[in-house]
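Asks: This is the content of structure00.pdb (PDB, C-alpha atoms):
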```
ATOM      1  CA  MET A   1       0.000   0.000   0.000  1.00  0.00           C
ATOM      2  CA  PHE A   2       1.250   3.455  -0.923  1.00  0.00           C
ATOM      3  CA  GLU A   3      -0.194   6.183   1.247  1.00  0.00           C
ATOM      4  CA  ARG A   4      -0.050   9.937   0.685  1.00  0.00           C
ATOM      5  CA  TRP A   5       2.286   9.722  -2.270  1.00  0.00           C
ATOM      6  CA  THR A   6       2.825  12.797  -4.443  1.00  0.00           C
ATOM      7  CA  ALA A   7       3.445  13.241  -8.157  1.00  0.00           C
ATOM      8  CA  ALA A   8       7.203  13.399  -7.465  1.00  0.00           C
ATOM      9  CA  GLU A   9       7.173   9.995  -5.758  1.00  0.00           C
ATOM     10  CA  ILE A  10       5.361   8.227  -8.583  1.00  0.00           C
ATOM     11  CA  ALA A  11       7.475   9.901 -11.297  1.00  0.00           C
ATOM     12  CA  SER A  12      10.304   7.374 -10.984  1.00  0.00           C
ATOM     13  CA  GLN A  13       7.975   4.369 -11.320  1.00  0.00           C
ATOM     14  CA  GLN A  14       7.274   2.928 -14.787  1.00  0.00           C
ATOM     15  CA  GLU A  15       5.013  -0.042 -14.074  1.00  0.00           C
ATOM     16  CA  MET A  16       2.884  -0.667 -11.008  1.00  0.00           C
ATOM     17  CA  GLU A  17       1.170  -4.000 -10.496  1.00  0.00           C
ATOM     18  CA  GLN A  18      -1.289  -4.937  -7.721  1.00  0.00           C
ATOM     19  CA  CYS A  19      -0.718  -1.621  -5.979  1.00  0.00           C
ATOM     20  CA  ARG A  20      -3.110   0.197  -3.689  1.00  0.00           C
ATOM     21  CA  PHE A  21      -2.771   3.981  -3.572  1.00  0.00           C
ATOM     22  CA  VAL A  22      -4.529   5.662  -0.639  1.00  0.00           C
ATOM     23  CA  ALA A  23      -5.008   9.428  -0.130  1.00  0.00           C
ATOM     24  CA  CYS A  24      -2.367  10.288  -2.727  1.00  0.00           C
ATOM     25  CA  ASP A  25      -2.127  13.654  -4.454  1.00  0.00           C
ATOM     26  CA  PHE A  26      -1.327  13.078  -8.113  1.00  0.00           C
ATOM     27  CA  SER A  27      -3.103  16.232  -9.300  1.00  0.00           C
ATOM     28  CA  GLY A  28      -1.374  17.516 -12.420  1.00  0.00           C
ATOM     29  CA  ALA A  29       1.022  14.535 -12.381  1.00  0.00           C
ATOM     30  CA  ASN A  30       2.658  13.431 -15.607  1.00  0.00           C
ATOM     31  CA  LEU A  31       1.787   9.728 -15.832  1.00  0.00           C
ATOM     32  CA  THR A  32       2.681   9.489 -19.529  1.00  0.00           C
ATOM     33  CA  ASP A  33       3.469   5.921 -20.657  1.00  0.00           C
ATOM     34  CA  LYS A  34       3.158   4.497 -17.124  1.00  0.00           C
ATOM     35  CA  ARG A  35       1.364   1.160 -16.661  1.00  0.00           C
ATOM     36  CA  PHE A  36      -1.048   0.322 -13.863  1.00  0.00           C
ATOM     37  CA  ILE A  37      -2.156  -3.312 -13.688  1.00  0.00           C
ATOM     38  CA  ASP A  38      -4.679  -4.594 -11.115  1.00  0.00           C
ATOM     39  CA  CYS A  39      -4.358  -1.372  -9.090  1.00  0.00           C
ATOM     40  CA  VAL A  40      -6.758   0.465  -6.783  1.00  0.00           C
ATOM     41  CA  PHE A  41      -6.800   4.218  -6.142  1.00  0.00           C
ATOM     42  CA  GLU A  42      -8.715   5.257  -2.993  1.00  0.00           C
ATOM     43  CA  ARG A  43      -9.432   8.854  -1.968  1.00  0.00           C
ATOM     44  CA  CYS A  44      -6.770  10.089  -4.420  1.00  0.00           C
ATOM     45  CA  ASN A  45      -6.667  13.342  -6.349  1.00  0.00           C
ATOM     46  CA  LEU A  46      -5.692  12.808  -9.988  1.00  0.00           C
ATOM     47  CA  SER A  47      -7.291  15.985 -11.322  1.00  0.00           C
ATOM     48  CA  LEU A  48      -5.657  17.127 -14.565  1.00  0.00           C
ATOM     49  CA  ALA A  49      -3.139  14.259 -14.455  1.00  0.00           C
ATOM     50  CA  THR A  50      -1.625  13.514 -17.869  1.00  0.00           C
ATOM     51  CA  LEU A  51      -2.239   9.944 -19.012  1.00  0.00           C
ATOM     52  CA  ALA A  52      -0.885  10.035 -22.593  1.00  0.00           C
ATOM     53  CA  GLY A  53       0.040   6.479 -23.535  1.00  0.00           C
ATOM     54  CA  ALA A  54      -0.652   5.219 -20.010  1.00  0.00           C
ATOM     55  CA  GLY A  55      -1.902   1.680 -19.585  1.00  0.00           C
ATOM     56  CA  LEU A  56      -4.830   1.141 -17.222  1.00  0.00           C
ATOM     57  CA  GLN A  57      -5.577  -2.563 -16.956  1.00  0.00           C
ATOM     58  CA  ASN A  58      -8.157  -3.594 -14.363  1.00  0.00           C
ATOM     59  CA  VAL A  59      -7.849  -0.331 -12.405  1.00  0.00           C
ATOM     60  CA  THR A  60     -10.430   0.726  -9.814  1.00  0.00           C
ATOM     61  CA  PHE A  61     -10.941   4.286  -8.595  1.00  0.00           C
ATOM     62  CA  ARG A  62     -12.852   4.805  -5.322  1.00  0.00           C
ATOM     63  CA  GLU A  63     -13.741   8.220  -3.898  1.00  0.00           C
ATOM     64  CA  CYS A  64     -11.246   9.899  -6.227  1.00  0.00           C
ATOM     65  CA  LYS A  65     -11.141  13.341  -7.826  1.00  0.00           C
ATOM     66  CA  LEU A  66     -10.468  12.984 -11.552  1.00  0.00           C
ATOM     67  CA  SER A  67     -11.496  16.391 -12.901  1.00  0.00           C
ATOM     68  CA  GLY A  68     -10.442  16.988 -16.497  1.00  0.00           C
ATOM     69  CA  VAL A  69      -8.581  13.681 -16.877  1.00  0.00           C
ATOM     70  CA  GLN A  70      -8.223  12.698 -20.545  1.00  0.00           C
ATOM     71  CA  PHE A  71      -8.714   8.928 -20.372  1.00  0.00           C
ATOM     72  CA  SER A  72      -9.026   9.107 -24.158  1.00  0.00           C
ATOM     73  CA  ALA A  73      -5.214   9.501 -24.287  1.00  0.00           C
ATOM     74  CA  CYS A  74      -4.635   6.137 -22.532  1.00  0.00           C
ATOM     75  CA  ARG A  75      -3.518   3.039 -24.392  1.00  0.00           C
ATOM     76  CA  ASP A  76      -6.412   1.172 -25.927  1.00  0.00           C
ATOM     77  CA  MET A  77      -4.924  -2.275 -25.279  1.00  0.00           C
ATOM     78  CA  TRP A  78      -6.520  -3.818 -22.157  1.00  0.00           C
ATOM     79  CA  PHE A  79      -8.085  -0.497 -21.109  1.00  0.00           C
ATOM     80  CA  GLU A  80     -10.307  -1.529 -18.193  1.00  0.00           C
ATOM     81  CA  VAL A  81     -11.428   0.869 -15.455  1.00  0.00           C
ATOM     82  CA  GLU A  82     -14.130   1.033 -12.792  1.00  0.00           C
ATOM     83  CA  PHE A  83     -15.284   4.032 -10.769  1.00  0.00           C
ATOM     84  CA  ALA A  84     -17.158   4.257  -7.443  1.00  0.00           C
ATOM     85  CA  HIS A  85     -18.059   7.506  -5.650  1.00  0.00           C
ATOM     86  CA  CYS A  86     -15.745   9.530  -7.901  1.00  0.00           C
ATOM     87  CA  GLN A  87     -15.809  13.109  -9.169  1.00  0.00           C
ATOM     88  CA  LEU A  88     -15.033  13.150 -12.921  1.00  0.00           C
ATOM     89  CA  PRO A  89     -16.248  16.523 -14.235  1.00  0.00           C
ATOM     90  CA  TYR A  90     -14.845  17.427 -17.662  1.00  0.00           C
ATOM     91  CA  ALA A  91     -13.111  14.047 -18.059  1.00  0.00           C
ATOM     92  CA  SER A  92     -12.911  12.506 -21.529  1.00  0.00           C
ATOM     93  CA  PHE A  93     -13.462   8.936 -22.675  1.00  0.00           C
ATOM     94  CA  HIS A  94     -13.729   9.991 -26.318  1.00  0.00           C
ATOM     95  CA  GLY A  95     -13.382   6.932 -28.566  1.00  0.00           C
ATOM     96  CA  LYS A  96     -12.580   4.483 -25.744  1.00  0.00           C
ATOM     97  CA  ARG A  97     -13.772   0.874 -25.806  1.00  0.00           C
ATOM     98  CA  MET A  98     -15.305   0.341 -22.362  1.00  0.00           C
ATOM     99  CA  ARG A  99     -17.693  -2.573 -22.715  1.00  0.00           C
ATOM    100  CA  GLY A 100     -19.144  -3.510 -19.333  1.00  0.00           C
ATOM    101  CA  ALA A 101     -17.596  -0.526 -17.529  1.00  0.00           C
ATOM    102  CA  ARG A 102     -19.135   0.333 -14.171  1.00  0.00           C
ATOM    103  CA  PHE A 103     -19.703   3.821 -12.791  1.00  0.00           C
ATOM    104  CA  ALA A 104     -21.369   3.875  -9.363  1.00  0.00           C
ATOM    105  CA  ASN A 105     -22.405   7.035  -7.495  1.00  0.00           C
ATOM    106  CA  CYS A 106     -20.207   9.243  -9.689  1.00  0.00           C
ATOM    107  CA  VAL A 107     -20.439  12.861 -10.788  1.00  0.00           C
ATOM    108  CA  LEU A 108     -19.902  12.759 -14.563  1.00  0.00           C
ATOM    109  CA  THR A 109     -20.879  16.313 -15.469  1.00  0.00           C
ATOM    110  CA  GLU A 110     -19.668  17.527 -18.866  1.00  0.00           C
ATOM    111  CA  VAL A 111     -17.855  14.210 -19.507  1.00  0.00           C
ATOM    112  CA  ASP A 112     -17.120  13.392 -23.162  1.00  0.00           C
ATOM    113  CA  PHE A 113     -18.311   9.898 -24.109  1.00  0.00           C
ATOM    114  CA  SER A 114     -18.496  10.645 -27.851  1.00  0.00           C
ATOM    115  CA  TYR A 115     -17.516   7.770 -30.145  1.00  0.00           C
ATOM    116  CA  ALA A 116     -16.993   5.503 -27.107  1.00  0.00           C
ATOM    117  CA  ASP A 117     -18.167   1.902 -26.859  1.00  0.00           C
ATOM    118  CA  LEU A 118     -20.129   1.642 -23.612  1.00  0.00           C
ATOM    119  CA  ALA A 119     -22.112  -1.490 -24.464  1.00  0.00           C
ATOM    120  CA  ASP A 120     -23.275  -3.266 -21.303  1.00  0.00           C
ATOM    121  CA  ALA A 121     -21.932  -0.455 -19.102  1.00  0.00           C
ATOM    122  CA  VAL A 122     -23.698   0.545 -15.874  1.00  0.00           C
ATOM    123  CA  PHE A 123     -24.259   4.109 -14.649  1.00  0.00           C
ATOM    124  CA  ALA A 124     -25.634   3.459 -11.151  1.00  0.00           C
ATOM    125  CA  GLU A 125     -26.777   6.604  -9.297  1.00  0.00           C
ATOM    126  CA  CYS A 126     -24.616   8.823 -11.533  1.00  0.00           C
ATOM    127  CA  ASN A 127     -25.095  12.489 -12.409  1.00  0.00           C
ATOM    128  CA  LEU A 128     -24.552  12.859 -16.173  1.00  0.00           C
ATOM    129  CA  ALA A 129     -25.597  16.508 -16.555  1.00  0.00           C
ATOM    130  CA  GLY A 130     -24.011  17.937 -19.686  1.00  0.00           C
ATOM    131  CA  ALA A 131     -22.288  14.657 -20.600  1.00  0.00           C
ATOM    132  CA  ILE A 132     -21.673  14.288 -24.334  1.00  0.00           C
ATOM    133  CA  PHE A 133     -23.044  11.212 -26.069  1.00  0.00           C
ATOM    134  CA  GLU A 134     -22.423  11.436 -29.820  1.00  0.00           C
ATOM    135  CA  GLN A 135     -22.030   8.335 -32.006  1.00  0.00           C
ATOM    136  CA  THR A 136     -21.733   6.369 -28.759  1.00  0.00           C
ATOM    137  CA  GLN A 137     -22.377   2.629 -28.574  1.00  0.00           C
ATOM    138  CA  LEU A 138     -24.889   2.217 -25.720  1.00  0.00           C
ATOM    139  CA  THR A 139     -26.282  -1.252 -26.459  1.00  0.00           C
ATOM    140  CA  ALA A 140     -27.678  -2.792 -23.255  1.00  0.00           C
ATOM    141  CA  THR A 141     -26.237   0.048 -21.144  1.00  0.00           C
ATOM    142  CA  ASP A 142     -28.012   0.590 -17.830  1.00  0.00           C
ATOM    143  CA  PHE A 143     -29.161   4.158 -17.103  1.00  0.00           C
ATOM    144  CA  THR A 144     -32.060   3.171 -14.810  1.00  0.00           C
ATOM    145  CA  THR A 145     -30.760   5.114 -11.787  1.00  0.00           C
ATOM    146  CA  ALA A 146     -28.709   7.757 -13.657  1.00  0.00           C
ATOM    147  CA  SER A 147     -29.843  11.365 -13.887  1.00  0.00           C
ATOM    148  CA  GLY A 148     -29.243  14.509 -15.898  1.00  0.00           C
ATOM    149  CA  PHE A 149     -28.355  12.850 -19.190  1.00  0.00           C
ATOM    150  CA  LEU A 150     -29.432  13.951 -22.672  1.00  0.00           C
ATOM    151  CA  ILE A 151     -29.060  11.167 -25.224  1.00  0.00           C
ATOM    152  CA  ASP A 152     -30.212  11.470 -28.828  1.00  0.00           C
ATOM    153  CA  PRO A 153     -31.378   8.028 -30.033  1.00  0.00           C
ATOM    154  CA  ASP A 154     -30.834   9.216 -33.626  1.00  0.00           C
ATOM    155  CA  THR A 155     -27.070   9.709 -33.164  1.00  0.00           C
ATOM    156  CA  ASN A 156     -26.320   6.933 -30.640  1.00  0.00           C
ATOM    157  CA  VAL A 157     -26.961   3.177 -30.599  1.00  0.00           C
ATOM    158  CA  VAL A 158     -29.378   2.605 -27.708  1.00  0.00           C
ATOM    159  CA  LYS A 159     -30.736  -0.838 -28.552  1.00  0.00           C
ATOM    160  CA  ARG A 160     -31.696  -2.707 -25.358  1.00  0.00           C
ATOM    161  CA  ALA A 161     -30.387   0.176 -23.187  1.00  0.00           C
ATOM    162  CA  ARG A 162     -32.314   0.474 -19.927  1.00  0.00           C
ATOM    163  CA  PHE A 163     -33.892   3.692 -18.664  1.00  0.00           C
ATOM    164  CA  SER A 164     -36.343   4.518 -15.901  1.00  0.00           C
ATOM    165  CA  LEU A 165     -39.533   6.466 -16.551  1.00  0.00           C
ATOM    166  CA  GLU A 166     -37.830   9.459 -14.911  1.00  0.00           C
ATOM    167  CA  GLY A 167     -35.081   9.235 -17.543  1.00  0.00           C
ATOM    168  CA  LEU A 168     -37.410   9.492 -20.553  1.00  0.00           C
ATOM    169  CA  PRO A 169     -37.095  13.283 -20.844  1.00  0.00           C
ATOM    170  CA  GLY A 170     -33.353  12.768 -21.396  1.00  0.00           C
ATOM    171  CA  LEU A 171     -34.172  10.761 -24.511  1.00  0.00           C
ATOM    172  CA  LEU A 172     -36.957  12.942 -25.845  1.00  0.00           C
ATOM    173  CA  SER A 173     -35.696  16.485 -25.212  1.00  0.00           C
ATOM    174  CA  LYS A 174     -34.710  17.197 -28.830  1.00  0.00           C
ATOM    175  CA  HIS A 175     -38.306  16.508 -29.858  1.00  0.00           C
ATOM    176  CA  GLU A 176     -39.594  19.032 -27.303  1.00  0.00           C
ATOM    177  CA  ILE A 177     -41.961  16.399 -25.950  1.00  0.00           C
ATOM    178  CA  ILE A 178     -43.243  17.041 -22.451  1.00  0.00           C
ATOM    179  CA  VAL A 179     -43.484  13.996 -20.215  1.00  0.00           C
ATOM    180  CA  ALA A 180     -45.821  14.714 -17.302  1.00  0.00           C
TER     181      ALA A 180
END
```
Would it be possible to restate this file's structure as structure tokens?
Replies:
Amino acid sequence: MFERWTAAEIASQQEMEQCRFVACDFSGANLTDKRFIDCVFERCNLSLATLAGAGLQNVTFRECKLSGVQFSACRDMWFEVEFAHCQLPYASFHGKRMRGARFANCVLTEVDFSYADLADAVFAECNLAGAIFEQTQLTATDFTTASGFLIDPDTNVVKRARFSLEGLPGLLSKHEIIVA
């Protein structure tokens, strides 16, 4: 377990496997080309960290701040992440393949999911206000407890996606239909 590490302490590491980072401040850290395999980040701040070419394989984030993180710059090979109780405003997953990804109790305001593959993903109790879904693969994705989203079924694949009755306005807003 690595507790209260800073960006300077992780800078010398190239590959981390089965590591647990607790209460670390990696905000603004340059994590370019680093590899994280089977790692857990708990209560860490990674806001505006640079992940260009970084490998995230089976990485879990719990209660982390990830504002503005460009996950779209990560390696595509074995990209597998999970988020619980995280703050991810202005993050980007543009073009990422994230089949079966799980987001639980996360703030995903203004997040870019355009051109991503989120088939079978789960957004449990997530705030998706202002999130961008454009040409996004959402087959069998679960939005039943998510809120704030606006998804255009004409520009996204939503076959078998699950929504609650409360979520219907997020699918119909472009048509100016009022659901009462």
Asks: Starting from the shown file, work through the PyMOL selection byres ((chain A and resi 92) around 6) and note down what comes out as JSON, numbers by chain.
Replies: {"A": [70, 71, 72, 91, 93, 94, 111, 112]}
Asks: Since I can't run it myself right now, could you work out what the PyMOL selection byres ((chain A and resi 20) around 8) selects here and report it as number ranges by chain?
Replies: A: 1-2, 18-19, 21-22, 39-42
Asks: So, counting all atoms listed in the file, which residue among A:Asp117, A:Glu80, A:Glu3, A:Glu134 is closest to Lys96 in chain A?
Replies: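 Among the listed residues, the smallest separation from Lys96 in chain A belongs to A:Asp117.
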Asks: In Å to one decimal, how far is CA of Val59 in chain A from CA of Thr32 in chain A?
Replies: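 Going from CA of Thr32 in chain A over to CA of Val59 in chain A covers 16.1 Å.
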Asks: Enter the distance from CA of Leu118 in chain A to CA of Leu48 in chain A, in Å, rounded to one decimal.
Replies: 23.0 Å
Asks: Which of these residues is nearest to Leu31 in chain A, using only C-alpha atoms: A:Ala8, A:Glu17, A:Met77, A:Arg97?
Replies: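 Using only C-alpha atoms, the shortest distance to Leu31 in chain A belongs to A:Ala8.
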Asks: Can you tell me which residues surround Thr109 in chain A at a distance of at most 9 Å, considering only C-alpha atoms, apart from same-chain residues fewer than 6 positions away, and format the answer as a list in words?
Replies: Gln87, Leu88, Pro89, Tyr90, Ala91, Asn127, Leu128, Ala129, Gly130, Ala131 and Gly148 of chain A
Asks: Need the shell around Ala23 in chain A: protein/DNA/RNA residues with any atom at most 6 Å away, counting only C-alpha atoms. Skip same-chain ones fewer than 3 positions apart. Format as a list in words?
Replies: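 Residues near the query, excluding close chain neighbours: Glu3, Arg4, Arg43 and Cys44 of chain A.
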Asks: Suppose a student applies the PyMOL selection byres ((chain A and resi 145) around 8) to this structure; what residues should they get, written as a PyMOL selection string?
Replies: chain A and resi 123-126+143-144+146-147+163-164
Asks: Residues as selected, C-alpha atoms, written as a tab-separated table (two decimals), keeping the file's coordinate frame, can you do that?
Replies:
```tsv
chain	number	residue	atom	x	y	z
A	123	PHE	CA	-24.26	4.11	-14.65
A	124	ALA	CA	-25.63	3.46	-11.15
A	125	GLU	CA	-26.78	6.60	-9.30
A	126	CYS	CA	-24.62	8.82	-11.53
A	143	PHE	CA	-29.16	4.16	-17.10
A	144	THR	CA	-32.06	3.17	-14.81
A	146	ALA	CA	-28.71	7.76	-13.66
A	147	SER	CA	-29.84	11.36	-13.89
A	163	PHE	CA	-33.89	3.69	-18.66
A	164	SER	CA	-36.34	4.52	-15.90
```
Asks: For a test of reading the model, state the distance in Å between CA of Trp5 in chain A and CA of Ala73 in chain A, rounded to one decimal.
Replies: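 According to the coordinates, CA of Trp5 in chain A and CA of Ala73 in chain A are separated by 23.3 Å.
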Asks: Could you tell me, as a list in words, which residues have any atom at most 6 Å from (-9.3, 16.0, -14.9), counting all atoms listed in the file?
Replies: Ser47, Leu48, Leu66, Ser67, Gly68, Val69 and Ala91 of chain A
Asks: Between A:Glu15, A:Asp38, A:Asp25, A:Asp33, which has the minimum distance to Arg75 in chain A (counting all atoms listed in the file)?
Replies: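 Smallest distance to Arg75 in chain A is found for A:Asp33.
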Asks: May I ask which of the residues A:Gln14, A:Thr155, A:Thr141, A:Thr6 is the closest one to Gly55 in chain A, counting all atoms listed in the file?
Replies: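 Selected residue with least distance to Gly55 in chain A: A:Gln14.
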Asks: Dump N, CA and C atoms of range 85-101 of chain A from the given block, as a JSON list (two decimals), in the first residue's frame.
Replies:
```json
[["chain", "number", "residue", "atom", "x", "y", "z"],
["A", 85, "HIS", "N", -18.06, 6.29, -6.47],
["A", 85, "HIS", "CA", -18.06, 7.51, -5.65],
["A", 85, "HIS", "C", -16.97, 8.49, -6.08],
["A", 86, "CYS", "N", -16.80, 8.65, -7.38],
["A", 86, "CYS", "CA", -15.74, 9.53, -7.90],
["A", 86, "CYS", "C", -16.32, 10.81, -8.51],
["A", 87, "GLN", "N", -15.50, 11.83, -8.54],
["A", 87, "GLN", "CA", -15.81, 13.11, -9.17],
["A", 87, "GLN", "C", -15.01, 13.16, -10.47],
["A", 88, "LEU", "N", -15.71, 13.16, -11.63],
["A", 88, "LEU", "CA", -15.03, 13.15, -12.92],
["A", 88, "LEU", "C", -15.48, 14.29, -13.84],
["A", 89, "PRO", "N", -15.78, 15.48, -13.33],
["A", 89, "PRO", "CA", -16.25, 16.52, -14.24],
["A", 89, "PRO", "C", -15.20, 16.83, -15.30],
["A", 90, "TYR", "N", -15.68, 17.05, -16.51],
["A", 90, "TYR", "CA", -14.84, 17.43, -17.66],
["A", 90, "TYR", "C", -13.82, 16.37, -18.07],
["A", 91, "ALA", "N", -13.99, 15.13, -17.62],
["A", 91, "ALA", "CA", -13.11, 14.05, -18.06],
["A", 91, "ALA", "C", -13.49, 13.67, -19.49],
["A", 92, "SER", "N", -12.62, 12.94, -20.17],
["A", 92, "SER", "CA", -12.91, 12.51, -21.53],
["A", 92, "SER", "C", -12.60, 11.03, -21.72],
["A", 93, "PHE", "N", -13.60, 10.34, -22.28],
["A", 93, "PHE", "CA", -13.46, 8.94, -22.67],
["A", 93, "PHE", "C", -13.71, 8.83, -24.18],
["A", 94, "HIS", "N", -13.48, 9.91, -24.88],
["A", 94, "HIS", "CA", -13.73, 9.99, -26.32],
["A", 94, "HIS", "C", -13.07, 8.81, -27.04],
["A", 95, "GLY", "N", -13.89, 8.03, -27.75],
["A", 95, "GLY", "CA", -13.38, 6.93, -28.57],
["A", 95, "GLY", "C", -12.91, 5.70, -27.82],
["A", 96, "LYS", "N", -13.08, 5.63, -26.51],
["A", 96, "LYS", "CA", -12.58, 4.48, -25.74],
["A", 96, "LYS", "C", -13.54, 3.30, -25.83],
["A", 97, "ARG", "N", -12.98, 2.11, -25.86],
["A", 97, "ARG", "CA", -13.77, 0.87, -25.81],
["A", 97, "ARG", "C", -13.86, 0.50, -24.33],
["A", 98, "MET", "N", -15.09, 0.56, -23.79],
["A", 98, "MET", "CA", -15.31, 0.34, -22.36],
["A", 98, "MET", "C", -16.50, -0.58, -22.12],
["A", 99, "ARG", "N", -16.57, -1.64, -22.87],
["A", 99, "ARG", "CA", -17.69, -2.57, -22.71],
["A", 99, "ARG", "C", -17.76, -3.09, -21.28],
["A", 100, "GLY", "N", -18.94, -3.00, -20.69],
["A", 100, "GLY", "CA", -19.14, -3.51, -19.33],
["A", 100, "GLY", "C", -18.58, -2.63, -18.23],
["A", 101, "ALA", "N", -18.14, -1.42, -18.56],
["A", 101, "ALA", "CA", -17.60, -0.53, -17.53],
["A", 101, "ALA", "C", -18.66, -0.22, -16.48]]
```
